[in-house]
There are 2 protein chains.
Amino acid sequence: MGYNVVPLAKLIEQFERMPGIGRKSAQRIAFYVLNMTDSQAKDLCNAISEAHEKIHQCKCCCNLTENELCSVCSNASRDKTTVCVVEDPRDVLAIERTQDYKGTYHVLHGAISPMNGIGPEQLTIKQLLARMDDDEVNEVIMATNPTVEGEATAMYISRLLKPMGVKVTRLAYGVPVGADLEYADEVTLSRAIEGRQLL
Amino acid sequence: MGYNVVPLAKLIEQFERMPGIGRKSAQRIAFYVLNMTDSQAKDLCNAISEAHEKIHQCKCCCNLTENELCSVCSNASRDKTTVCVVEDPRDVLAIERTQDYKGTYHVLHGAISPMNGIGPEQLTIKQLLARMDDDEVNEVIMATNPTVEGEATAMYISRLLKPMGVKVTRLAYGVPVGADLEYADEVTLSRAIEGRQLL
(Lines give C-alpha, C1' and ligand atoms only; values in the text may rest on other atoms or scores of the structure.)
Protein backbone atom coordinates (compact mmCIF):
# COMPACT_ATOMS: atom_id res chain seq x y z
CA MET A 1 0.00 0.00 0.00
CA GLY A 2 1.33 3.45 -0.92
CA TYR A 3 -0.02 5.07 2.22
CA ASN A 4 1.12 3.80 5.56
CA VAL A 5 1.22 5.43 8.99
CA VAL A 6 3.04 3.26 11.51
CA PRO A 7 1.35 4.44 14.74
CA LEU A 8 -2.05 4.08 13.07
CA ALA A 9 -1.27 0.59 11.80
CA LYS A 10 -0.14 -0.40 15.31
CA LEU A 11 -3.36 0.94 16.80
CA ILE A 12 -5.51 -0.93 14.27
CA GLU A 13 -3.58 -4.11 15.00
CA GLN A 14 -4.25 -3.71 18.73
CA PHE A 15 -8.00 -3.44 18.19
CA GLU A 16 -8.03 -6.23 15.63
CA ARG A 17 -6.85 -8.66 18.32
CA MET A 18 -9.90 -7.98 20.47
CA PRO A 19 -12.69 -10.55 20.47
CA GLY A 20 -15.42 -9.98 17.90
CA ILE A 21 -13.56 -7.21 16.09
CA GLY A 22 -12.50 -7.66 12.48
CA ARG A 23 -10.30 -5.58 10.22
CA LYS A 24 -12.96 -3.03 9.27
CA SER A 25 -14.25 -2.49 12.80
CA ALA A 26 -10.68 -2.14 14.06
CA GLN A 27 -10.06 0.58 11.48
CA ARG A 28 -13.25 2.36 12.44
CA ILE A 29 -12.39 2.24 16.14
CA ALA A 30 -8.81 3.38 15.51
CA PHE A 31 -10.06 6.45 13.64
CA TYR A 32 -12.55 7.08 16.43
CA VAL A 33 -9.69 6.98 18.94
CA LEU A 34 -7.64 9.34 16.76
CA ASN A 35 -10.53 11.79 16.69
CA MET A 36 -10.78 11.81 20.49
CA THR A 37 -9.49 14.87 22.30
CA ASP A 38 -6.20 14.39 24.14
CA SER A 39 -7.96 14.25 27.49
CA GLN A 40 -10.43 11.63 26.24
CA ALA A 41 -7.54 9.50 25.02
CA LYS A 42 -5.87 9.90 28.39
CA ASP A 43 -9.10 8.78 30.10
CA LEU A 44 -9.19 5.67 27.93
CA CYS A 45 -5.57 4.82 28.76
CA ASN A 46 -6.20 5.46 32.45
CA ALA A 47 -9.27 3.21 32.43
CA ILE A 48 -7.18 0.40 30.93
CA SER A 49 -4.21 0.70 33.24
CA GLU A 50 -6.36 1.37 36.31
CA ALA A 51 -8.45 -1.73 35.66
CA HIS A 52 -5.23 -3.69 35.29
CA GLU A 53 -3.65 -2.39 38.45
CA LYS A 54 -6.63 -2.36 40.78
CA ILE A 55 -8.65 -5.41 39.81
CA HIS A 56 -7.65 -8.76 41.26
CA GLN A 57 -9.35 -11.88 42.59
CA CYS A 58 -11.51 -11.80 45.71
CA LYS A 59 -9.75 -13.61 48.58
CA CYS A 60 -12.84 -15.72 49.19
CA CYS A 61 -14.70 -16.42 45.93
CA CYS A 62 -12.01 -15.59 43.33
CA ASN A 63 -14.36 -13.19 41.56
CA LEU A 64 -12.82 -9.96 40.26
CA THR A 65 -12.78 -7.05 42.70
CA GLU A 66 -10.84 -3.94 43.59
CA ASN A 67 -10.99 -4.67 47.34
CA GLU A 68 -9.85 -7.63 49.40
CA LEU A 69 -13.33 -9.13 49.33
CA CYS A 70 -15.78 -8.63 46.48
CA SER A 71 -19.06 -6.80 47.08
CA VAL A 72 -20.98 -10.09 47.32
CA CYS A 73 -18.65 -11.75 49.84
CA SER A 74 -18.44 -8.59 51.96
CA ASN A 75 -22.23 -8.14 51.95
CA ALA A 76 -23.55 -9.39 55.30
CA SER A 77 -27.07 -9.87 53.95
CA ARG A 78 -25.98 -12.50 51.41
CA ASP A 79 -26.61 -16.12 52.37
CA LYS A 80 -23.18 -17.64 53.02
CA THR A 81 -24.57 -21.19 53.23
CA THR A 82 -25.17 -21.42 49.47
CA VAL A 83 -22.35 -21.18 46.94
CA CYS A 84 -22.97 -20.92 43.21
CA VAL A 85 -19.99 -22.17 41.17
CA VAL A 86 -19.53 -20.43 37.79
CA GLU A 87 -16.83 -20.50 35.13
CA ASP A 88 -16.45 -16.80 34.54
CA PRO A 89 -16.94 -13.39 36.23
CA ARG A 90 -19.42 -12.56 33.46
CA ASP A 91 -21.60 -15.44 34.64
CA VAL A 92 -21.80 -13.75 38.04
CA LEU A 93 -23.06 -10.61 36.31
CA ALA A 94 -25.65 -12.66 34.44
CA ILE A 95 -26.96 -14.34 37.59
CA GLU A 96 -26.92 -11.08 39.54
CA ARG A 97 -29.10 -9.55 36.84
CA THR A 98 -31.87 -12.03 37.70
CA GLN A 99 -32.00 -10.44 41.20
CA ASP A 100 -33.21 -13.83 42.38
CA TYR A 101 -30.11 -15.36 43.87
CA LYS A 102 -29.17 -14.35 47.40
CA GLY A 103 -26.25 -16.70 48.06
CA THR A 104 -22.55 -16.28 47.28
CA TYR A 105 -20.44 -17.30 44.29
CA HIS A 106 -17.27 -19.11 43.43
CA VAL A 107 -15.56 -18.25 40.15
CA LEU A 108 -13.48 -21.04 38.61
CA HIS A 109 -11.94 -18.87 35.87
CA GLY A 110 -12.43 -21.54 33.24
CA ALA A 111 -13.52 -25.15 32.86
CA ILE A 112 -11.58 -28.38 32.75
CA SER A 113 -10.55 -28.85 29.13
CA PRO A 114 -7.73 -31.33 28.45
CA MET A 115 -7.83 -30.35 24.74
CA ASN A 116 -6.71 -26.83 25.69
CA GLY A 117 -4.36 -28.02 28.43
CA ILE A 118 -6.58 -26.79 31.26
CA GLY A 119 -6.64 -29.22 34.18
CA PRO A 120 -8.26 -28.90 37.63
CA GLU A 121 -5.10 -27.32 39.05
CA GLN A 122 -5.44 -24.31 36.69
CA LEU A 123 -8.89 -23.54 38.14
CA THR A 124 -9.75 -22.24 41.61
CA ILE A 125 -11.03 -25.63 42.80
CA LYS A 126 -8.57 -25.75 45.70
CA GLN A 127 -9.94 -22.46 47.03
CA LEU A 128 -13.49 -23.81 46.69
CA LEU A 129 -12.65 -26.91 48.76
CA ALA A 130 -10.97 -24.70 51.37
CA ARG A 131 -14.20 -22.72 51.71
CA MET A 132 -16.07 -25.91 52.65
CA ASP A 133 -13.92 -26.23 55.76
CA ASP A 134 -14.07 -22.58 56.80
CA ASP A 135 -17.63 -21.53 56.05
CA GLU A 136 -20.86 -23.23 57.02
CA VAL A 137 -21.78 -24.13 53.42
CA ASN A 138 -24.86 -26.37 52.98
CA GLU A 139 -25.38 -26.33 49.24
CA VAL A 140 -23.19 -25.88 46.19
CA ILE A 141 -25.03 -25.03 42.96
CA MET A 142 -23.02 -26.01 39.89
CA ALA A 143 -23.70 -23.27 37.33
CA THR A 144 -20.94 -24.08 34.84
CA ASN A 145 -21.86 -23.75 31.16
CA PRO A 146 -24.08 -26.44 29.61
CA THR A 147 -21.19 -27.60 27.39
CA VAL A 148 -19.07 -30.75 27.46
CA GLU A 149 -16.32 -28.96 29.39
CA GLY A 150 -18.77 -27.33 31.79
CA GLU A 151 -20.47 -30.68 32.43
CA ALA A 152 -17.19 -32.45 33.05
CA THR A 153 -16.10 -29.72 35.46
CA ALA A 154 -19.38 -29.91 37.36
CA MET A 155 -19.07 -33.71 37.62
CA TYR A 156 -15.44 -33.49 38.76
CA ILE A 157 -16.18 -30.94 41.47
CA SER A 158 -19.32 -32.70 42.70
CA ARG A 159 -17.30 -35.88 43.22
CA LEU A 160 -14.86 -33.97 45.40
CA LEU A 161 -17.60 -32.21 47.37
CA LYS A 162 -20.03 -35.04 48.06
CA PRO A 163 -17.71 -36.93 50.46
CA MET A 164 -17.50 -33.69 52.47
CA GLY A 165 -21.25 -33.95 53.17
CA VAL A 166 -22.29 -30.98 51.02
CA LYS A 167 -25.46 -30.98 48.95
CA VAL A 168 -24.46 -30.45 45.30
CA THR A 169 -27.08 -29.32 42.77
CA ARG A 170 -27.00 -28.41 39.07
CA LEU A 171 -28.87 -25.71 37.15
CA ALA A 172 -32.04 -27.06 35.49
CA TYR A 173 -31.87 -27.93 31.81
CA GLY A 174 -34.86 -27.16 29.63
CA VAL A 175 -36.29 -24.99 26.93
CA PRO A 176 -35.42 -21.31 27.26
CA VAL A 177 -38.32 -19.00 28.09
CA GLY A 178 -39.69 -17.27 25.00
CA ALA A 179 -38.13 -19.75 22.60
CA ASP A 180 -39.93 -21.77 19.95
CA LEU A 181 -40.21 -25.50 20.69
CA GLU A 182 -39.84 -26.16 16.98
CA TYR A 183 -36.32 -24.75 17.00
CA ALA A 184 -35.14 -26.40 20.23
CA ASP A 185 -32.43 -29.01 19.62
CA GLU A 186 -33.15 -32.64 20.50
CA VAL A 187 -30.83 -32.82 23.50
CA THR A 188 -32.36 -29.76 25.12
CA LEU A 189 -35.85 -31.03 24.42
CA SER A 190 -35.22 -34.50 25.83
CA ARG A 191 -33.64 -32.89 28.93
CA ALA A 192 -36.71 -30.69 29.27
CA ILE A 193 -38.99 -33.75 29.13
CA GLU A 194 -36.78 -35.59 31.60
CA GLY A 195 -36.90 -32.67 34.04
CA ARG A 196 -40.66 -32.03 33.70
CA GLN A 197 -42.39 -30.68 36.76
CA LEU A 198 -45.86 -30.96 38.31
CA LEU A 199 -48.16 -28.08 37.42
CA MET B 1 -26.76 -5.00 40.84
CA GLY B 2 -25.16 -6.67 43.84
CA TYR B 3 -21.80 -6.99 42.18
CA ASN B 4 -20.02 -3.88 40.98
CA VAL B 5 -16.34 -3.16 40.33
CA VAL B 6 -15.75 0.51 39.58
CA PRO B 7 -12.59 0.24 37.41
CA LEU B 8 -14.25 -2.53 35.39
CA ALA B 9 -17.44 -0.51 34.91
CA LYS B 10 -15.36 2.45 33.75
CA LEU B 11 -13.50 0.29 31.26
CA ILE B 12 -16.73 -1.17 29.87
CA GLU B 13 -18.14 2.33 29.52
CA GLN B 14 -15.08 3.42 27.53
CA PHE B 15 -15.48 0.59 25.04
CA GLU B 16 -19.22 1.05 24.84
CA ARG B 17 -18.70 4.52 23.39
CA MET B 18 -16.76 3.16 20.43
CA PRO B 19 -18.54 2.89 17.09
CA GLY B 20 -20.25 -0.43 16.41
CA ILE B 21 -19.75 -1.73 19.95
CA GLY B 22 -22.73 -2.48 22.15
CA ARG B 23 -23.01 -3.38 25.81
CA LYS B 24 -22.22 -7.07 25.41
CA SER B 25 -19.22 -6.56 23.11
CA ALA B 26 -17.90 -3.87 25.42
CA GLN B 27 -18.08 -6.32 28.34
CA ARG B 28 -16.30 -8.99 26.31
CA ILE B 29 -13.55 -6.61 25.27
CA ALA B 30 -13.15 -5.28 28.81
CA PHE B 31 -12.64 -8.81 30.13
CA TYR B 32 -10.21 -9.48 27.29
CA VAL B 33 -8.24 -6.39 28.31
CA LEU B 34 -8.30 -7.52 31.96
CA ASN B 35 -6.89 -10.89 30.95
CA MET B 36 -3.99 -9.28 29.08
CA THR B 37 -0.58 -9.44 30.71
CA ASP B 38 0.67 -6.16 32.16
CA SER B 39 3.05 -5.64 29.27
CA GLN B 40 0.31 -6.23 26.71
CA ALA B 41 -1.89 -3.67 28.46
CA LYS B 42 1.01 -1.24 28.43
CA ASP B 43 1.44 -1.85 24.68
CA LEU B 44 -2.22 -1.06 24.11
CA CYS B 45 -1.99 2.18 26.09
CA ASN B 46 1.20 3.13 24.28
CA ALA B 47 -0.38 2.49 20.89
CA ILE B 48 -3.25 4.81 21.82
CA SER B 49 -1.15 7.65 23.20
CA GLU B 50 1.51 7.31 20.50
CA ALA B 51 -1.09 7.50 17.74
CA HIS B 52 -2.47 10.59 19.44
CA GLU B 53 0.85 12.31 19.84
CA LYS B 54 2.50 11.45 16.56
CA ILE B 55 -0.30 11.52 14.02
CA HIS B 56 -1.30 14.87 12.55
CA GLN B 57 -2.36 16.26 9.20
CA CYS B 58 -0.01 16.27 6.21
CA LYS B 59 1.10 19.83 5.40
CA CYS B 60 0.10 19.37 1.77
CA CYS B 61 -2.92 17.05 1.46
CA CYS B 62 -4.29 17.09 5.07
CA ASN B 63 -4.20 13.29 5.22
CA LEU B 64 -3.06 11.74 8.50
CA THR B 65 0.68 11.16 8.84
CA GLU B 66 3.45 10.99 11.41
CA ASN B 67 5.83 13.08 9.28
CA GLU B 68 5.57 16.56 7.84
CA LEU B 69 4.40 15.16 4.50
CA CYS B 70 2.44 11.93 4.13
CA SER B 71 3.92 8.98 2.26
CA VAL B 72 1.93 9.82 -0.88
CA CYS B 73 2.89 13.51 -1.01
CA SER B 74 6.54 12.74 -0.29
CA ASN B 75 6.69 10.01 -2.94
CA ALA B 76 8.40 11.46 -6.03
CA SER B 77 6.90 8.83 -8.30
CA ARG B 78 3.31 9.95 -7.64
CA ASP B 79 1.69 12.16 -10.26
CA LYS B 80 1.36 15.61 -8.68
CA THR B 81 -0.80 16.92 -11.52
CA THR B 82 -3.85 14.90 -10.43
CA VAL B 83 -5.52 15.41 -7.06
CA CYS B 84 -8.23 13.11 -5.75
CA VAL B 85 -10.48 14.84 -3.19
CA VAL B 86 -11.93 12.52 -0.52
CA GLU B 87 -13.91 13.06 2.66
CA ASP B 88 -11.99 10.82 5.01
CA PRO B 89 -8.53 9.27 5.50
CA ARG B 90 -10.20 5.85 5.25
CA ASP B 91 -11.24 6.71 1.70
CA VAL B 92 -7.56 7.16 0.85
CA LEU B 93 -6.91 3.64 2.17
CA ALA B 94 -9.78 2.32 0.04
CA ILE B 95 -8.50 3.95 -3.16
CA GLU B 96 -4.90 2.93 -2.43
CA ARG B 97 -6.07 -0.68 -2.18
CA THR B 98 -7.13 -0.58 -5.84
CA GLN B 99 -3.42 0.02 -6.72
CA ASP B 100 -4.74 1.84 -9.78
CA TYR B 101 -4.46 5.45 -8.82
CA LYS B 102 -1.06 7.10 -9.15
CA GLY B 103 -1.96 10.73 -8.36
CA THR B 104 -2.12 12.50 -4.99
CA TYR B 105 -5.01 13.10 -2.58
CA HIS B 106 -6.68 15.83 -0.65
CA VAL B 107 -8.57 14.90 2.51
CA LEU B 108 -11.47 17.21 3.43
CA HIS B 109 -12.11 15.63 6.85
CA GLY B 110 -15.85 15.69 6.35
CA ALA B 111 -18.49 16.95 3.97
CA ILE B 112 -20.59 20.10 3.94
CA SER B 113 -23.62 19.36 6.09
CA PRO B 114 -25.61 22.34 7.35
CA MET B 115 -27.82 19.96 9.37
CA ASN B 116 -24.79 19.03 11.47
CA GLY B 117 -23.37 22.54 11.48
CA ILE B 118 -20.49 21.69 9.13
CA GLY B 119 -19.83 24.46 6.66
CA PRO B 120 -17.05 24.85 4.05
CA GLU B 121 -14.82 26.61 6.58
CA GLN B 122 -14.72 23.50 8.80
CA LEU B 123 -13.24 21.47 5.93
CA THR B 124 -9.78 21.76 4.36
CA ILE B 125 -11.09 23.50 1.22
CA LYS B 126 -8.83 26.55 1.76
CA GLN B 127 -5.78 24.30 1.70
CA LEU B 128 -7.03 22.64 -1.50
CA LEU B 129 -7.39 26.00 -3.24
CA ALA B 130 -3.91 26.99 -2.07
CA ARG B 131 -2.50 23.87 -3.74
CA MET B 132 -3.91 24.99 -7.09
CA ASP B 133 -1.62 28.01 -6.99
CA ASP B 134 1.51 26.23 -5.82
CA ASP B 135 1.46 22.92 -7.68
CA GLU B 136 0.95 22.33 -11.35
CA VAL B 137 -2.42 20.58 -10.90
CA ASN B 138 -4.32 19.73 -14.12
CA GLU B 139 -7.17 17.62 -12.85
CA VAL B 140 -9.13 17.33 -9.60
CA ILE B 141 -11.14 14.13 -9.17
CA MET B 142 -14.05 14.58 -6.76
CA ALA B 143 -14.30 11.31 -4.83
CA THR B 144 -16.62 12.41 -2.04
CA ASN B 145 -19.25 9.88 -0.96
CA PRO B 146 -22.25 9.35 -3.25
CA THR B 147 -24.58 10.88 -0.64
CA VAL B 148 -26.45 14.17 -0.56
CA GLU B 149 -23.71 15.76 1.55
CA GLY B 150 -20.92 14.33 -0.61
CA GLU B 151 -22.65 15.54 -3.80
CA ALA B 152 -23.17 19.03 -2.42
CA THR B 153 -19.54 19.23 -1.33
CA ALA B 154 -18.34 18.10 -4.76
CA MET B 155 -20.54 20.71 -6.47
CA TYR B 156 -19.40 23.46 -4.12
CA ILE B 157 -15.71 22.73 -4.64
CA SER B 158 -16.02 22.32 -8.41
CA ARG B 159 -17.58 25.77 -8.65
CA LEU B 160 -14.59 27.23 -6.83
CA LEU B 161 -12.06 25.32 -8.93
CA LYS B 162 -13.44 25.75 -12.44
CA PRO B 163 -12.72 29.51 -12.66
CA MET B 164 -9.08 28.64 -11.85
CA GLY B 165 -8.89 26.68 -15.10
CA VAL B 166 -8.65 23.24 -13.50
CA LYS B 167 -10.38 20.20 -14.98
CA VAL B 168 -12.80 18.83 -12.35
CA THR B 169 -14.11 15.27 -12.68
CA ARG B 170 -16.37 13.06 -10.57
CA LEU B 171 -16.19 9.31 -9.84
CA ALA B 172 -18.43 7.30 -12.18
CA TYR B 173 -21.80 6.20 -10.88
CA GLY B 174 -23.09 2.79 -11.84
CA VAL B 175 -23.85 -0.72 -10.71
CA PRO B 176 -21.20 -2.18 -8.38
CA VAL B 177 -19.18 -5.06 -9.86
CA GLY B 178 -20.49 -8.44 -8.73
CA ALA B 179 -23.87 -7.07 -7.69
CA ASP B 180 -27.25 -8.26 -8.85
CA LEU B 181 -29.11 -5.86 -11.18
CA GLU B 182 -32.34 -6.99 -9.58
CA TYR B 183 -31.29 -5.54 -6.24
CA ALA B 184 -29.84 -2.27 -7.54
CA ASP B 185 -31.89 0.77 -6.51
CA GLU B 186 -33.56 2.90 -9.18
CA VAL B 187 -31.30 5.92 -8.82
CA THR B 188 -28.15 3.85 -9.22
CA LEU B 189 -29.62 2.02 -12.18
CA SER B 190 -30.74 5.16 -13.98
CA ARG B 191 -27.29 6.68 -13.36
CA ALA B 192 -25.74 3.53 -14.81
CA ILE B 193 -27.89 3.81 -17.94
CA GLU B 194 -27.07 7.51 -18.24
CA GLY B 195 -23.36 6.79 -18.01
CA ARG B 196 -23.35 3.81 -20.39
CA GLN B 197 -20.19 3.34 -22.43
CA LEU B 198 -19.34 1.97 -25.87
CA LEU B 199 -18.24 -1.66 -25.85
# chains A, B, ... in the order shown; residues from 1 in each chain; ligands from 1
$ interface_residues --of "chain B" --to "chain A" --cutoff "8 Å" --atoms "only C-alpha atoms" --output "JSON, numbers by chain"
{"B": [1, 2, 3, 4, 5, 6, 7, 8, 10, 11, 14, 18, 19, 20, 25, 28, 29, 32, 33, 34, 38, 41, 42, 44, 45, 47, 48, 49, 50, 51, 52, 54, 55, 64, 65, 66, 70, 71, 72, 92, 93, 96, 97, 99]}
$ select_by_dssp --residues "segment 124-181 of chain B" --states "alpha helix (DSSP H)" --output "PyMOL selection string"
chain B and resi 125-134+148-161
$ residues_around --residues "Asp91 of chain A" --least-positions-apart "4" --cutoff "10 Å" --atoms "only C-alpha atoms" --output "PDB file with all heavy atoms, in the first residue's frame"
ATOM      1  N   VAL A  85     -21.290 -22.050  41.850  1.00  0.00           N
ATOM      2  CA  VAL A  85     -19.992 -22.172  41.170  1.00  0.00           C
ATOM      3  C   VAL A  85     -20.167 -21.848  39.694  1.00  0.00           C
ATOM      4  O   VAL A  85     -20.953 -22.494  39.001  1.00  0.00           O
ATOM      5  CB  VAL A  85     -19.434 -23.595  41.342  1.00  0.00           C
ATOM      6  CG1 VAL A  85     -18.133 -23.747  40.571  1.00  0.00           C
ATOM      7  CG2 VAL A  85     -19.226 -23.906  42.813  1.00  0.00           C
ATOM      8  N   VAL A  86     -19.451 -20.817  39.209  1.00  0.00           N
ATOM      9  CA  VAL A  86     -19.528 -20.426  37.794  1.00  0.00           C
ATOM     10  C   VAL A  86     -18.136 -20.451  37.172  1.00  0.00           C
ATOM     11  O   VAL A  86     -17.132 -20.467  37.878  1.00  0.00           O
ATOM     12  CB  VAL A  86     -20.140 -19.020  37.631  1.00  0.00           C
ATOM     13  CG1 VAL A  86     -21.579 -18.985  38.070  1.00  0.00           C
ATOM     14  CG2 VAL A  86     -19.317 -17.999  38.382  1.00  0.00           C
ATOM     15  N   GLU A  87     -18.113 -20.448  35.825  1.00  0.00           N
ATOM     16  CA  GLU A  87     -16.833 -20.497  35.131  1.00  0.00           C
ATOM     17  C   GLU A  87     -16.154 -19.139  35.080  1.00  0.00           C
ATOM     18  O   GLU A  87     -14.932 -19.038  35.128  1.00  0.00           O
ATOM     19  CB  GLU A  87     -17.046 -20.998  33.690  1.00  0.00           C
ATOM     20  CG  GLU A  87     -17.377 -22.468  33.612  1.00  0.00           C
ATOM     21  CD  GLU A  87     -17.557 -22.919  32.172  1.00  0.00           C
ATOM     22  OE1 GLU A  87     -17.044 -22.258  31.252  1.00  0.00           O
ATOM     23  OE2 GLU A  87     -18.220 -23.949  31.959  1.00  0.00           O
ATOM     24  N   ILE A  95     -26.084 -13.832  36.515  1.00  0.00           N
ATOM     25  CA  ILE A  95     -26.956 -14.337  37.585  1.00  0.00           C
ATOM     26  C   ILE A  95     -27.418 -13.190  38.481  1.00  0.00           C
ATOM     27  O   ILE A  95     -28.566 -13.155  38.918  1.00  0.00           O
ATOM     28  CB  ILE A  95     -26.243 -15.439  38.393  1.00  0.00           C
ATOM     29  CG1 ILE A  95     -25.957 -16.638  37.476  1.00  0.00           C
ATOM     30  CG2 ILE A  95     -27.088 -15.874  39.595  1.00  0.00           C
ATOM     31  CD1 ILE A  95     -25.212 -17.772  38.137  1.00  0.00           C
ATOM     32  N   GLU A  96     -26.531 -12.226  38.726  1.00  0.00           N
ATOM     33  CA  GLU A  96     -26.921 -11.076  39.544  1.00  0.00           C
ATOM     34  C   GLU A  96     -28.056 -10.300  38.883  1.00  0.00           C
ATOM     35  O   GLU A  96     -28.915  -9.741  39.558  1.00  0.00           O
ATOM     36  CB  GLU A  96     -25.726 -10.143  39.773  1.00  0.00           C
ATOM     37  CG  GLU A  96     -24.769 -10.618  40.848  1.00  0.00           C
ATOM     38  CD  GLU A  96     -25.433 -10.661  42.205  1.00  0.00           C
ATOM     39  OE1 GLU A  96     -25.763  -9.604  42.737  1.00  0.00           O
ATOM     40  OE2 GLU A  96     -25.630 -11.777  42.736  1.00  0.00           O
ATOM     41  N   ARG A  97     -28.054 -10.283  37.550  1.00  0.00           N
ATOM     42  CA  ARG A  97     -29.105  -9.545  36.845  1.00  0.00           C
ATOM     43  C   ARG A  97     -30.489 -10.130  37.106  1.00  0.00           C
ATOM     44  O   ARG A  97     -31.488  -9.429  36.997  1.00  0.00           O
ATOM     45  CB  ARG A  97     -28.818  -9.538  35.339  1.00  0.00           C
ATOM     46  CG  ARG A  97     -28.041  -8.320  34.895  1.00  0.00           C
ATOM     47  CD  ARG A  97     -28.158  -8.117  33.398  1.00  0.00           C
ATOM     48  NE  ARG A  97     -27.600  -9.219  32.644  1.00  0.00           N
ATOM     49  CZ  ARG A  97     -26.331  -9.329  32.276  1.00  0.00           C
ATOM     50  NH1 ARG A  97     -25.478  -8.387  32.607  1.00  0.00           N
ATOM     51  NH2 ARG A  97     -25.900 -10.370  31.595  1.00  0.00           N
ATOM     52  N   TYR A 105     -20.941 -16.687  45.520  1.00  0.00           N
ATOM     53  CA  TYR A 105     -20.440 -17.303  44.288  1.00  0.00           C
ATOM     54  C   TYR A 105     -19.074 -17.940  44.509  1.00  0.00           C
ATOM     55  O   TYR A 105     -18.411 -17.698  45.512  1.00  0.00           O
ATOM     56  CB  TYR A 105     -20.300 -16.249  43.192  1.00  0.00           C
ATOM     57  CG  TYR A 105     -21.614 -15.660  42.775  1.00  0.00           C
ATOM     58  CD1 TYR A 105     -22.068 -14.476  43.344  1.00  0.00           C
ATOM     59  CD2 TYR A 105     -22.399 -16.289  41.824  1.00  0.00           C
ATOM     60  CE1 TYR A 105     -23.280 -13.943  42.963  1.00  0.00           C
ATOM     61  CE2 TYR A 105     -23.609 -15.761  41.433  1.00  0.00           C
ATOM     62  CZ  TYR A 105     -24.042 -14.578  42.006  1.00  0.00           C
ATOM     63  OH  TYR A 105     -25.238 -14.054  41.637  1.00  0.00           O
ATOM     64  N   VAL A 107     -15.916 -18.362  41.567  1.00  0.00           N
ATOM     65  CA  VAL A 107     -15.557 -18.246  40.149  1.00  0.00           C
ATOM     66  C   VAL A 107     -14.355 -19.145  39.853  1.00  0.00           C
ATOM     67  O   VAL A 107     -13.293 -18.989  40.458  1.00  0.00           O
ATOM     68  CB  VAL A 107     -15.229 -16.786  39.792  1.00  0.00           C
ATOM     69  CG1 VAL A 107     -14.878 -16.674  38.317  1.00  0.00           C
ATOM     70  CG2 VAL A 107     -16.409 -15.884  40.122  1.00  0.00           C
ATOM     71  N   ALA A 143     -23.137 -24.066  38.418  1.00  0.00           N
ATOM     72  CA  ALA A 143     -23.701 -23.268  37.327  1.00  0.00           C
ATOM     73  C   ALA A 143     -22.658 -23.087  36.230  1.00  0.00           C
ATOM     74  O   ALA A 143     -22.553 -22.018  35.638  1.00  0.00           O
ATOM     75  CB  ALA A 143     -24.190 -21.928  37.852  1.00  0.00           C
ATOM     76  N   THR A 144     -21.884 -24.142  35.975  1.00  0.00           N
ATOM     77  CA  THR A 144     -20.942 -24.081  34.841  1.00  0.00           C
ATOM     78  C   THR A 144     -21.759 -24.140  33.556  1.00  0.00           C
ATOM     79  O   THR A 144     -22.934 -24.470  33.564  1.00  0.00           O
ATOM     80  CB  THR A 144     -19.966 -25.261  34.892  1.00  0.00           C
ATOM     81  OG1 THR A 144     -20.726 -26.464  35.060  1.00  0.00           O
ATOM     82  CG2 THR A 144     -19.009 -25.139  36.056  1.00  0.00           C
ATOM     83  N   ASN A 145     -21.127 -23.807  32.429  1.00  0.00           N
ATOM     84  CA  ASN A 145     -21.858 -23.752  31.159  1.00  0.00           C
ATOM     85  C   ASN A 145     -22.391 -25.124  30.755  1.00  0.00           C
ATOM     86  O   ASN A 145     -21.773 -26.144  31.058  1.00  0.00           O
ATOM     87  CB  ASN A 145     -20.941 -23.228  30.050  1.00  0.00           C
ATOM     88  CG  ASN A 145     -20.757 -21.730  30.148  1.00  0.00           C
ATOM     89  OD1 ASN A 145     -21.649 -21.018  30.585  1.00  0.00           O
ATOM     90  ND2 ASN A 145     -19.590 -21.272  29.741  1.00  0.00           N
TER      91      ASN A 145
END
$ select_by_dssp --residues "segment 74-114 of chain A" --states "strand (DSSP E or B)" --output "list in words"
Asp79, Lys80, Thr81, Thr82, Val83, Cys84, Val85, Val86, Gly103, Thr104, Tyr105, His106, Val107 and Ser113 of chain A
$ residues_around --residues "Ala111 of chain B" --least-positions-apart "2" --cutoff "7 Å" --atoms "only C-alpha atoms" --output "list of chain:residue names"
B:Glu87, B:Ser113, B:Glu149, B:Gly150, B:Thr153
$ residues_around --residues "Val168 of chain B" --least-positions-apart "6" --cutoff "6 Å" --atoms "only C-alpha atoms" --output "PyMOL selection string"
chain B and resi 139-141
$ write_last_selection --atoms "N, CA and C atoms" --output "CSV table (one decimal), in the first residue's frame"
chain,number,residue,atom,x,y,z
B,139,GLU,N,-5.9,18.2,-13.0
B,139,GLU,CA,-7.2,17.6,-12.9
B,139,GLU,C,-7.5,17.4,-11.4
B,140,VAL,N,-8.7,17.7,-11.0
B,140,VAL,CA,-9.1,17.3,-9.6
B,140,VAL,C,-10.3,16.3,-9.7
B,141,ILE,N,-10.1,15.2,-9.1
B,141,ILE,CA,-11.1,14.1,-9.2
B,141,ILE,C,-11.9,14.2,-7.9
$ closest_residue --among "A:Glu182, A:Asp79, A:Glu194, A:Glu121" --to "Tyr101 of chain A" --atoms "only C-alpha atoms"
A:Asp79
$ residues_around --residues "Leu128 of chain B" --least-positions-apart "3" --cutoff "10 Å" --atoms "only C-alpha atoms" --output "list of chain:residue names"
B:Cys60, B:Cys61, B:Cys62, B:Val83, B:Val85, B:Tyr105, B:His106, B:Val107, B:Leu108, B:Leu123, B:Thr124, B:Ile125, B:Arg131, B:Met132, B:Asp133, B:Val140, B:Ile157, B:Leu161
$ atom_distance --atom1 "atom CA of Ala130 of chain A" --atom2 "atom CA of Ile112 of chain A"
19.0 Å
